Amino acid sequence: MVQHPDLTDGLPEGLLARPLTLDDAQAVTDVMAAEEMAVLGEVVIEYADIVGDWQRPSFDITASTIGVFAGDALVGYAERSGHTRGDAAVHPDHQGRGIGTWLAGWLQETARAAGDDVIGMPKPEGSPGDRLLESLGFRVRWNSWVLQLPEGAAIPSRPLPPGYAVRTATPDEHEAVWTVVEDAFLEWSVRPRQTFEDFAASVFRRPGFEPWNLRVATDPEGAVVGVSIVVLASGCAYVDKLAVRRDQRKQGLATALLADSFAISREHGATRSELSTDSRTGALGLYAGVGMQVTSNWVNRAIDV
């Protein structure tokens, strides 16, 4: 088991730290939401995001998380969420006290103990968190962008090739969905292959999941060749994953999946449509080409451990 570094050394007087439990998921959501509102002017994190990630079978909450408390109130947190991946947040009312620096040190110690050689996390470009990580020696690993389809706009979709279809996935296609998504994302993401069980925990078992959230493109034989995973939250349709099998690209399937995802989300009450992409994928031009506009810029900073 990963051993935590000292849980009080270096923290401001009166603050305590401990590993988190699933019961702390709402408190973590609240801290992240406060930080996002201060930086972005809106909240994008959801309680379901935290639960979906933490309920993965491979994720050891005790070994992989830490919370900093002022009395009973969580004021900062960090997690090693996966191979070389982390996240952290400090409530705006408690920033500037050294909590973020302490959490960054905890992340590096925990990543090193887990066998990683690097650890990194995303932050809005130019935000207090981004500036802190830069001052601590974290380098930019890649850039990412959140894009939004203007309200009332629709993505123009060209006709599907003969015999192809876009529809809701069936339960017996879940493993095929996992295969298409993992194959596509591992073309550019340097990490171990995610197990089906972990994928299922954060997708099909995510709190609030409904069958229509999972869109697939099928070929004339009925095989799943494209996937869109859409999350509806606070009136926003967010495409969390979009993937097309390598041998099926350049036929308009990604655009068709996007158009379908946003259209069906509007039927379920969505008033805006968003997704994110990063500089590793080369997909920014695709989304800009269908009328989506960048609303925020993020950087993933990392440091060798």
# chains A, B, ... in the order shown; residues from 1 in each chain; ligands from 1

$ select_by_dssp --residues "segment 21-255 of chain A" --states "strand (DSSP E or B)" --output "VMD selection string"
chain A and resid 65 to 70 73 to 82 85 to 90 118 to 124 139 to 149 165 to 168 214 to 218 224 to 233 236 to 244

$ residues_around --residues "Met121 of chain A" --least-positions-apart "6" --cutoff "6 Å" --atoms "only C-alpha atoms" --output "ChimeraX atom specification"
/A:86-87,300-301

$ write_last_selection --atoms "N, CA, C and O atoms" --output "compact mmCIF listing (two decimals), in the first residue's frame"
# COMPACT_ATOMS: atom_id res chain seq x y z
N GLY A 86 -3.18 13.55 -11.61
CA GLY A 86 -3.62 14.01 -10.31
C GLY A 86 -4.62 15.12 -10.44
O GLY A 86 -4.95 15.57 -11.54
N ASP A 87 -5.14 15.55 -9.31
CA ASP A 87 -6.01 16.72 -9.27
C ASP A 87 -5.92 17.30 -7.87
O ASP A 87 -5.60 16.60 -6.90
N ASN A 300 -2.17 21.46 -18.76
CA ASN A 300 -1.85 20.33 -17.90
C ASN A 300 -0.37 20.46 -17.55
O ASN A 300 0.49 20.32 -18.43
N ARG A 301 -0.11 20.76 -16.30
CA ARG A 301 1.27 20.91 -15.84
C ARG A 301 1.72 19.66 -15.12
O ARG A 301 0.93 19.02 -14.41

$ select_by_dssp --residues "segment 23-226 of chain A" --states "alpha helix (DSSP H)" --output "NGL selection string"
:A and (25-40 or 47-54 or 61-64 or 99-113 or 128-135 or 174-185 or 196-202)

$ residues_around --residues "Val216 of chain A" --least-positions-apart "6" --cutoff "9 Å" --atoms "only C-alpha atoms" --output "list of chain:residue names"
A:Ala165, A:Val166, A:Arg167, A:Thr168, A:Ala169, A:Val177, A:Val224, A:Val225, A:Gly226, A:Val227, A:Ser228, A:Ile229, A:Leu257

$ write_last_selection --atoms "C-alpha atoms" --output "PDB file, in the first residue's frame"
ATOM      1  CA  ALA A 165     -26.613   4.183 -38.250  1.00  0.00           C
ATOM      2  CA  VAL A 166     -26.308   6.342 -35.132  1.00  0.00           C
ATOM      3  CA  ARG A 167     -28.416   5.359 -32.131  1.00  0.00           C
ATOM      4  CA  THR A 168     -28.535   4.533 -28.418  1.00  0.00           C
ATOM      5  CA  ALA A 169     -26.204   1.694 -27.425  1.00  0.00           C
ATOM      6  CA  VAL A 177     -18.028   0.638 -26.621  1.00  0.00           C
ATOM      7  CA  VAL A 224     -19.953  -0.547 -33.076  1.00  0.00           C
ATOM      8  CA  VAL A 225     -17.429   1.640 -34.901  1.00  0.00           C
ATOM      9  CA  GLY A 226     -17.974   4.986 -33.159  1.00  0.00           C
ATOM     10  CA  VAL A 227     -18.973   6.188 -29.694  1.00  0.00           C
ATOM     11  CA  SER A 228     -20.150   9.382 -28.029  1.00  0.00           C
ATOM     12  CA  ILE A 229     -20.662   9.523 -24.269  1.00  0.00           C
ATOM     13  CA  LEU A 257     -22.264  11.433 -33.446  1.00  0.00           C
TER      14      LEU A 257
END

$ atom_distance --atom1 "atom CA of Ser279 of chain A" --atom2 "atom CA of Trp298 of chain A"
10.5 Å
